[in-house]
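> If it helps, the file is called coords_15.cif and holds mmCIF, C-alpha atoms:
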```cif
data_data
#
loop_
_atom_site.label_atom_id
_atom_site.label_comp_id
_atom_site.auth_asym_id
_atom_site.auth_seq_id
_atom_site.Cartn_x
_atom_site.Cartn_y
_atom_site.Cartn_z
CA THR A 20 92.58 -185.01 55.18
CA ILE A 21 89.64 -184.64 57.53
CA VAL A 22 87.44 -181.65 56.69
CA THR A 23 84.42 -182.45 58.89
CA LEU A 24 84.62 -183.23 62.60
CA ASP A 25 81.28 -184.69 63.66
CA LEU A 26 80.87 -184.98 67.44
CA ASP A 27 77.09 -184.67 67.63
CA GLU A 28 75.59 -186.38 70.68
CA ASP A 29 79.03 -187.44 71.92
CA ASN A 30 78.87 -186.28 75.55
CA VAL A 31 81.20 -183.35 74.85
CA ASP A 32 81.48 -181.22 78.00
CA ASP A 33 83.47 -178.06 78.77
CA ARG A 34 86.72 -179.95 79.28
CA ALA A 35 86.41 -181.73 75.93
CA ALA A 36 85.34 -178.51 74.23
CA ARG A 37 88.49 -176.78 75.49
CA ALA A 38 90.64 -179.60 74.06
CA ILE A 39 88.85 -179.41 70.71
CA ALA A 40 89.23 -175.63 70.61
CA ALA A 41 92.96 -175.85 71.40
CA ALA A 42 93.47 -178.29 68.53
CA LEU A 43 91.53 -176.12 66.09
CA GLU A 44 93.57 -173.04 66.94
CA VAL A 45 96.39 -174.56 64.89
CA ASN A 46 94.41 -176.82 62.54
CA THR A 47 93.94 -175.58 58.97
CA SER A 48 92.00 -178.46 57.40
CA ILE A 49 88.75 -178.77 59.38
CA ARG A 50 85.95 -176.85 57.66
CA THR A 51 82.92 -178.10 59.60
CA LEU A 52 82.60 -178.72 63.34
CA LYS A 53 79.46 -180.42 64.62
CA LEU A 54 78.83 -180.34 68.35
CA ASN A 55 75.06 -180.60 68.38
CA LYS A 56 73.30 -182.07 71.44
CA ASN A 57 76.15 -182.09 73.92
CA ALA A 58 76.83 -180.64 77.37
CA ILE A 59 78.87 -177.55 76.50
CA ALA A 60 78.30 -174.74 78.99
CA VAL A 61 79.81 -171.25 79.25
CA GLU A 62 83.44 -172.33 79.74
CA GLY A 63 83.33 -174.55 76.69
CA ALA A 64 81.67 -171.81 74.65
CA LYS A 65 84.38 -169.41 75.83
CA ALA A 66 87.11 -171.73 74.53
CA LEU A 67 85.35 -172.26 71.20
CA ALA A 68 84.80 -168.52 70.77
CA ALA A 69 88.47 -167.81 71.50
CA MET A 70 89.36 -170.40 68.86
CA LEU A 71 87.20 -168.58 66.31
CA GLU A 72 89.22 -165.42 66.87
CA VAL A 73 92.38 -167.07 65.54
CA ASN A 74 91.14 -169.92 63.32
CA SER A 75 91.13 -169.13 59.60
CA SER A 76 89.69 -172.31 58.10
CA LEU A 77 86.45 -173.24 59.90
CA VAL A 78 83.38 -172.26 57.88
CA GLU A 79 80.56 -174.06 59.73
CA LEU A 80 79.98 -174.40 63.47
CA ASP A 81 76.99 -176.27 64.89
CA VAL A 82 76.62 -175.95 68.65
CA GLN A 83 72.87 -176.36 68.85
CA ALA A 84 71.22 -177.95 71.89
CA ASN A 85 73.96 -177.31 74.45
CA LYS A 86 73.98 -175.50 77.79
CA PHE A 87 75.78 -172.18 77.32
CA ALA A 88 72.66 -169.97 77.13
CA ALA A 89 72.83 -166.19 76.56
CA GLU A 90 76.33 -165.72 77.98
CA GLY A 91 77.74 -168.23 75.53
CA ALA A 92 75.90 -166.60 72.63
CA ARG A 93 77.45 -163.25 73.57
CA LEU A 94 80.90 -164.86 73.50
CA PHE A 95 80.29 -166.21 70.00
CA ALA A 96 79.05 -162.79 68.92
CA ALA A 97 82.27 -161.16 70.15
CA ALA A 98 84.30 -163.70 68.18
CA LEU A 99 82.38 -162.83 65.00
CA ALA A 100 83.68 -159.28 65.25
CA THR A 101 87.16 -160.46 64.24
CA ASN A 102 86.48 -163.77 62.45
CA SER A 103 86.36 -163.47 58.66
CA CYS A 104 86.00 -167.14 57.74
CA LEU A 105 82.89 -168.59 59.40
CA THR A 106 79.83 -168.61 57.13
CA HIS A 107 77.42 -170.88 59.06
CA LEU A 108 76.62 -170.52 62.76
CA LEU A 109 73.96 -172.75 64.32
CA LEU A 110 73.02 -171.76 67.87
CA GLY A 111 69.44 -173.01 68.14
CA TYR A 112 67.91 -174.90 71.06
CA ASN A 113 70.02 -172.89 73.50
CA LYS A 114 68.57 -170.14 75.68
CA VAL A 115 70.17 -167.38 73.63
CA GLN A 116 67.43 -164.98 74.80
CA HIS A 117 67.20 -161.34 73.79
CA SER A 118 70.62 -160.36 75.18
CA GLY A 119 72.46 -163.02 73.18
CA THR A 120 70.38 -162.22 70.10
CA ALA A 121 71.09 -158.50 70.45
CA ALA A 122 74.82 -159.20 70.68
CA LEU A 123 74.72 -161.30 67.51
CA ALA A 124 72.60 -158.72 65.72
CA GLY A 125 74.94 -155.93 66.76
CA VAL A 126 78.04 -157.57 65.34
CA LEU A 127 76.23 -158.49 62.11
CA LYS A 128 75.05 -154.91 61.79
CA LEU A 129 78.42 -153.24 62.32
CA ASN A 130 81.36 -155.64 62.05
CA ASN A 131 80.85 -158.98 60.35
CA THR A 132 80.23 -159.35 56.60
CA THR A 133 81.17 -163.02 56.28
CA LEU A 134 78.35 -164.94 57.99
CA ARG A 135 75.75 -166.24 55.55
CA VAL A 136 73.62 -168.56 57.70
CA LEU A 137 72.36 -167.98 61.25
CA HIS A 138 70.14 -170.56 62.93
CA LEU A 139 68.30 -169.55 66.11
CA PRO A 140 65.31 -171.94 66.38
CA CYS A 141 63.83 -172.40 69.86
CA ALA A 142 66.27 -169.88 71.32
CA ASP A 143 63.99 -167.61 73.40
CA VAL A 144 64.68 -164.70 71.05
CA SER A 145 61.52 -162.83 72.15
CA ILE A 146 60.24 -159.45 70.94
CA LYS A 147 63.30 -157.56 72.21
CA GLY A 148 65.58 -159.88 70.26
CA ALA A 149 63.37 -159.46 67.19
CA GLU A 150 63.78 -155.69 67.43
CA ALA A 151 67.58 -156.05 67.34
CA LEU A 152 67.38 -158.48 64.43
CA GLY A 153 65.13 -156.12 62.51
CA GLU A 154 67.61 -153.28 62.91
CA MET A 155 70.42 -155.60 61.82
CA LEU A 156 68.53 -156.74 58.71
CA ALA A 157 67.99 -153.13 57.67
CA ALA A 158 71.77 -152.64 57.53
CA ASN A 159 73.33 -156.07 56.87
CA THR A 160 74.31 -156.91 53.28
CA SER A 161 75.66 -160.45 53.67
CA LEU A 162 73.37 -162.70 55.74
CA GLN A 163 71.36 -164.97 53.44
CA HIS A 164 69.56 -167.47 55.67
CA LEU A 165 67.86 -166.75 59.01
CA ASN A 166 66.02 -169.43 61.01
CA LEU A 167 63.81 -168.12 63.82
CA HIS A 168 61.49 -171.11 64.20
CA ALA A 169 59.53 -171.27 67.47
CA ASN A 170 60.69 -168.15 69.29
CA ASP A 171 57.39 -166.69 70.48
CA LEU A 172 57.90 -163.57 68.38
CA GLY A 173 54.20 -162.81 68.05
CA PRO A 174 52.83 -160.21 65.62
CA LYS A 175 54.94 -157.39 67.05
CA GLY A 176 58.19 -159.31 66.81
CA VAL A 177 57.53 -160.36 63.23
CA GLU A 178 56.56 -156.80 62.34
CA MET A 179 60.03 -155.68 63.46
CA ILE A 180 61.67 -158.41 61.38
CA ALA A 181 59.52 -157.46 58.39
CA ARG A 182 60.39 -153.79 58.76
CA GLY A 183 64.08 -154.61 58.51
CA LEU A 184 63.53 -156.84 55.50
CA SER A 185 61.67 -154.08 53.68
CA CYS A 186 65.01 -152.49 52.90
CA ASN A 187 67.17 -155.63 52.88
CA SER A 188 68.59 -156.97 49.62
CA ALA A 189 70.64 -159.94 50.86
CA LEU A 190 68.45 -162.41 52.78
CA THR A 191 67.09 -165.19 50.56
CA CYS A 192 65.58 -167.61 53.12
CA LEU A 193 63.53 -166.81 56.23
CA ASP A 194 61.94 -169.29 58.64
CA ILE A 195 59.46 -167.73 61.06
CA SER A 196 57.31 -170.83 61.56
CA ARG A 197 55.55 -171.49 64.89
CA ASN A 198 55.78 -167.97 66.24
CA ALA A 199 52.09 -167.21 66.87
CA ILE A 200 52.15 -164.25 64.50
CA GLY A 201 48.42 -164.42 63.70
CA PRO A 202 46.66 -162.35 61.01
CA ALA A 203 48.40 -159.13 62.10
CA GLY A 204 51.85 -160.67 61.69
CA ALA A 205 50.89 -162.05 58.28
CA LYS A 206 49.78 -158.57 57.25
CA ALA A 207 53.22 -157.20 58.19
CA VAL A 208 54.89 -159.93 56.14
CA GLY A 209 52.60 -159.18 53.21
CA LEU A 210 53.50 -155.51 53.30
CA MET A 211 57.20 -156.41 53.40
CA LEU A 212 56.84 -158.65 50.35
CA ARG A 213 55.61 -155.71 48.28
CA CYS A 214 59.01 -154.04 48.46
CA ASN A 215 61.49 -156.87 49.16
CA SER A 216 63.22 -158.24 46.07
CA SER A 217 65.70 -160.78 47.51
CA LEU A 218 63.70 -163.28 49.57
CA LEU A 219 63.27 -166.58 47.70
CA THR A 220 62.00 -168.93 50.42
CA LEU A 221 59.54 -168.06 53.20
CA CYS A 222 58.46 -170.54 55.87
CA ILE A 223 55.48 -169.24 57.82
CA GLU A 224 53.75 -172.48 58.84
CA ASP A 225 51.90 -173.10 62.09
CA ASN A 226 51.23 -169.44 62.88
CA GLY A 227 47.44 -169.19 63.01
CA ILE A 228 47.27 -166.55 60.28
CA LYS A 229 43.72 -167.65 59.33
CA TYR A 230 41.87 -166.36 56.27
CA GLU A 231 42.52 -162.70 57.08
CA GLY A 232 46.27 -163.26 57.20
CA ALA A 233 46.28 -165.42 54.09
CA LYS A 234 44.47 -162.68 52.19
CA GLN A 235 47.05 -160.08 53.25
CA LEU A 236 49.87 -162.46 52.42
CA ALA A 237 48.37 -163.06 48.98
CA VAL A 238 48.32 -159.33 48.27
CA GLY A 239 52.03 -159.15 49.01
CA LEU A 240 52.79 -162.26 46.97
CA LYS A 241 50.88 -160.87 44.01
CA ALA A 242 53.19 -157.86 43.94
CA ASN A 243 56.28 -159.97 44.62
CA GLY A 244 57.66 -161.92 41.67
CA VAL A 245 60.75 -163.21 43.45
CA ILE A 246 59.43 -165.60 46.12
CA SER A 247 59.57 -169.11 44.68
CA VAL A 248 58.95 -171.27 47.78
CA LEU A 249 56.24 -170.66 50.38
CA VAL A 250 55.52 -173.03 53.27
CA ALA A 251 52.32 -171.93 55.00
CA THR A 252 50.71 -175.14 56.26
CA ASN A 253 48.81 -175.49 59.57
CA ASN A 254 47.48 -171.94 59.56
CA ASP A 255 43.71 -172.52 59.62
CA ILE A 256 43.24 -170.44 56.46
CA GLY A 257 40.17 -172.33 55.27
CA LYS A 258 38.91 -172.62 51.71
CA GLU A 259 38.84 -168.87 51.16
CA GLY A 260 42.43 -168.46 52.31
CA THR A 261 43.50 -171.33 50.11
CA ARG A 262 41.81 -169.72 47.11
CA ALA A 263 43.47 -166.38 47.87
CA LEU A 264 46.95 -167.95 47.82
CA GLU A 265 46.13 -170.17 44.85
CA THR A 266 45.24 -167.16 42.70
CA VAL A 267 48.76 -165.71 43.13
CA ARG A 268 50.67 -168.98 42.95
CA ASN A 269 51.55 -168.77 39.23
CA GLY A 270 53.36 -172.11 39.16
CA ARG A 271 55.46 -171.38 42.22
CA ASN A 272 56.15 -173.97 44.93
CA PHE A 273 53.53 -173.02 47.51
CA THR A 274 52.21 -175.36 50.21
CA TYR A 275 49.34 -174.34 52.49
#
```
Represent the structure of the file as structure tokens.

Amino acid sequence: TIVTLDLDEDNVDDRAARAIAAALEVNTSIRTLKLNKNAIAVEGAKALAAMLEVNSSLVELDVQANKFAAEGARLFAAALATNSCLTHLLLGYNKVQHSGTAALAGVLKLNNTTLRVLHLPCADVSIKGAEALGEMLAANTSLQHLNLHANDLGPKGVEMIARGLSCNSALTCLDISRNAIGPAGAKAVGLMLRCNSSLLTLCIEDNGIKYEGAKQLAVGLKANGVISVLVATNNDIGKEGTRALETVRNGRNFTY
């Protein structure tokens, strides 16, 4: 029995996506569908989203690096309102933008309690999308892994994410690398770490947090005994920043 259908980089277009979706509407064995780096646009996304509304076996869907943009992301969000099986949704490297992000955040805030992993790297999430995600994180009790790598969130966007995580008890892994958060964003993350008790892995590399940000991050990490993995390389923290993080490491897996 086939449980994984891997069609990554297989020139899958809308027509092929519709055929795949039609087959999966009645299939009960496939658990993972990989459609990364293809040519699926809105019509293909529409067919796949409609499939999710009736399929009761698929747990992982990877449609990263396709062509459906924000409209496609909104279609997948609508499907999540009724789907109670999917646990992993990978939508990165598509122009999800703030409207697609807000749609996903809305359904995860109010309707869906099944999804555990949401990947949105390089998805043009922006500050407006970060605001919606922050509000979702303040209410959601099921999402465990959120990847927001390279979304130009800036310090304000990360502050909104951090605010939501301050009262979140479900998320265990957060990737906010390459988002130009600077020292101010690192300060917001540090403040969040003082009260968050669920996050285990934090990736904050390539954000230009410098010594000032590293110092604020260290203060939060000193109060937080839960974080076990920290990736904070390429942040220009200097020797003083390195010392600040080293003093709160306590045998944990920190790289900086």
> Which residue gives the smallest distance to A:Asn272 among A:Asp29, A:Val245, A:Glu259, A:Asn170, with only C-alpha atoms counted?
A:Val245
> As a VMD selection string, please: the residues near stretch 147-158 of chain A (cut-off 7 Å, all atoms listed in the file, same-chain neighbours under 4 positions excluded).
chain A and resid 117 120 to 121 124 to 125 127 to 128 172 176 179 to 180 182 to 184 186 to 187
> Which of these, A:Leu193, A:Leu219, A:Val31, A:Ala181, has the shortest distance to A:Ala205 once you count all atoms listed in the file?
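Distance minimum relative to A:Ala205 lands on A:Ala181.
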> Starting from the shown file, work through the PyMOL selection byres ((chain A and resi 72-87) around 7) and note down what comes out as a PDB file with C-alpha atoms, keeping the file's coordinate frame.

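Once written, expr.pdb looks like this:
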```
ATOM      1  CA  LEU A  43      91.530-176.120  66.090  1.00  0.00           C
ATOM      2  CA  GLU A  44      93.570-173.040  66.940  1.00  0.00           C
ATOM      3  CA  THR A  47      93.940-175.580  58.970  1.00  0.00           C
ATOM      4  CA  SER A  48      92.000-178.460  57.400  1.00  0.00           C
ATOM      5  CA  ILE A  49      88.750-178.770  59.380  1.00  0.00           C
ATOM      6  CA  ARG A  50      85.950-176.850  57.660  1.00  0.00           C
ATOM      7  CA  THR A  51      82.920-178.100  59.600  1.00  0.00           C
ATOM      8  CA  LEU A  52      82.600-178.720  63.340  1.00  0.00           C
ATOM      9  CA  LYS A  53      79.460-180.420  64.620  1.00  0.00           C
ATOM     10  CA  LEU A  54      78.830-180.340  68.350  1.00  0.00           C
ATOM     11  CA  ASN A  55      75.060-180.600  68.380  1.00  0.00           C
ATOM     12  CA  LYS A  56      73.300-182.070  71.440  1.00  0.00           C
ATOM     13  CA  ASN A  57      76.150-182.090  73.920  1.00  0.00           C
ATOM     14  CA  ALA A  58      76.830-180.640  77.370  1.00  0.00           C
ATOM     15  CA  ILE A  59      78.870-177.550  76.500  1.00  0.00           C
ATOM     16  CA  ALA A  60      78.300-174.740  78.990  1.00  0.00           C
ATOM     17  CA  VAL A  61      79.810-171.250  79.250  1.00  0.00           C
ATOM     18  CA  ALA A  64      81.670-171.810  74.650  1.00  0.00           C
ATOM     19  CA  ALA A  68      84.800-168.520  70.770  1.00  0.00           C
ATOM     20  CA  ALA A  69      88.470-167.810  71.500  1.00  0.00           C
ATOM     21  CA  MET A  70      89.360-170.400  68.860  1.00  0.00           C
ATOM     22  CA  LEU A  71      87.200-168.580  66.310  1.00  0.00           C
ATOM     23  CA  ALA A  88      72.660-169.970  77.130  1.00  0.00           C
ATOM     24  CA  ALA A  89      72.830-166.190  76.560  1.00  0.00           C
ATOM     25  CA  GLU A  90      76.330-165.720  77.980  1.00  0.00           C
ATOM     26  CA  GLY A  91      77.740-168.230  75.530  1.00  0.00           C
ATOM     27  CA  ALA A  98      84.300-163.700  68.180  1.00  0.00           C
ATOM     28  CA  THR A 101      87.160-160.460  64.240  1.00  0.00           C
ATOM     29  CA  ASN A 102      86.480-163.770  62.450  1.00  0.00           C
ATOM     30  CA  CYS A 104      86.000-167.140  57.740  1.00  0.00           C
ATOM     31  CA  LEU A 105      82.890-168.590  59.400  1.00  0.00           C
ATOM     32  CA  THR A 106      79.830-168.610  57.130  1.00  0.00           C
ATOM     33  CA  HIS A 107      77.420-170.880  59.060  1.00  0.00           C
ATOM     34  CA  LEU A 108      76.620-170.520  62.760  1.00  0.00           C
ATOM     35  CA  LEU A 109      73.960-172.750  64.320  1.00  0.00           C
ATOM     36  CA  LEU A 110      73.020-171.760  67.870  1.00  0.00           C
ATOM     37  CA  GLY A 111      69.440-173.010  68.140  1.00  0.00           C
ATOM     38  CA  TYR A 112      67.910-174.900  71.060  1.00  0.00           C
ATOM     39  CA  ASN A 113      70.020-172.890  73.500  1.00  0.00           C
TER      40      ASN A 113
END
```
> Using only C-alpha atoms, pick whichever of A:Leu249, A:Ala169, A:Ala42, A:Ala233 has the shortest atom-to-atom distance to A:Ala199.
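Between A:Leu249, A:Ala169, A:Ala42, A:Ala233, the residue approaching A:Ala199 most closely is A:Ala169.
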> Between atom CA of A:Leu236 and atom CA of A:Ser161, what is the distance in Å, rounded to a tenth?
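Computing the Euclidean distance for atom CA of A:Leu236 and atom CA of A:Ser161 yields 25.9 Å.
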> My list of candidates is A:Ala142, A:Leu129, A:Leu264, A:Ala66. Which is closest to A:Lys234 when distances are computed with all atoms listed in the file?
A:Leu264
> Please report the interatomic distance between atom CA of A:Cys222 and atom CA of A:Asp194 in Å with one decimal.
4.6 Å
> Can you spell out as a VMD selection string the set of residues that the PyMOL selection byres ((chain A and resi 190) around 6) selects in the structure I just provided?
chain A and resid 162 to 164 189 191 to 192 218
> So which one's closest to A:Leu167, A:Ile246, A:Leu221, A:Ala207, A:Leu26? Using only C-alpha atoms, please.
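Using only C-alpha atoms, the shortest distance to A:Leu167 belongs to A:Leu221.
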> May I ask for the distance between atom CA of A:Arg271 and atom CA of A:Leu139, given in Å to one decimal place?
27.2 Å
> List the neighbours of A:Arg268 out to 9 Å using all atoms listed in the file; skip same-chain residues closer than 6 positions along the sequence, and give me the result as a list in words.
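Returned residues: Ala237, Leu240 and Lys241 of chain A.
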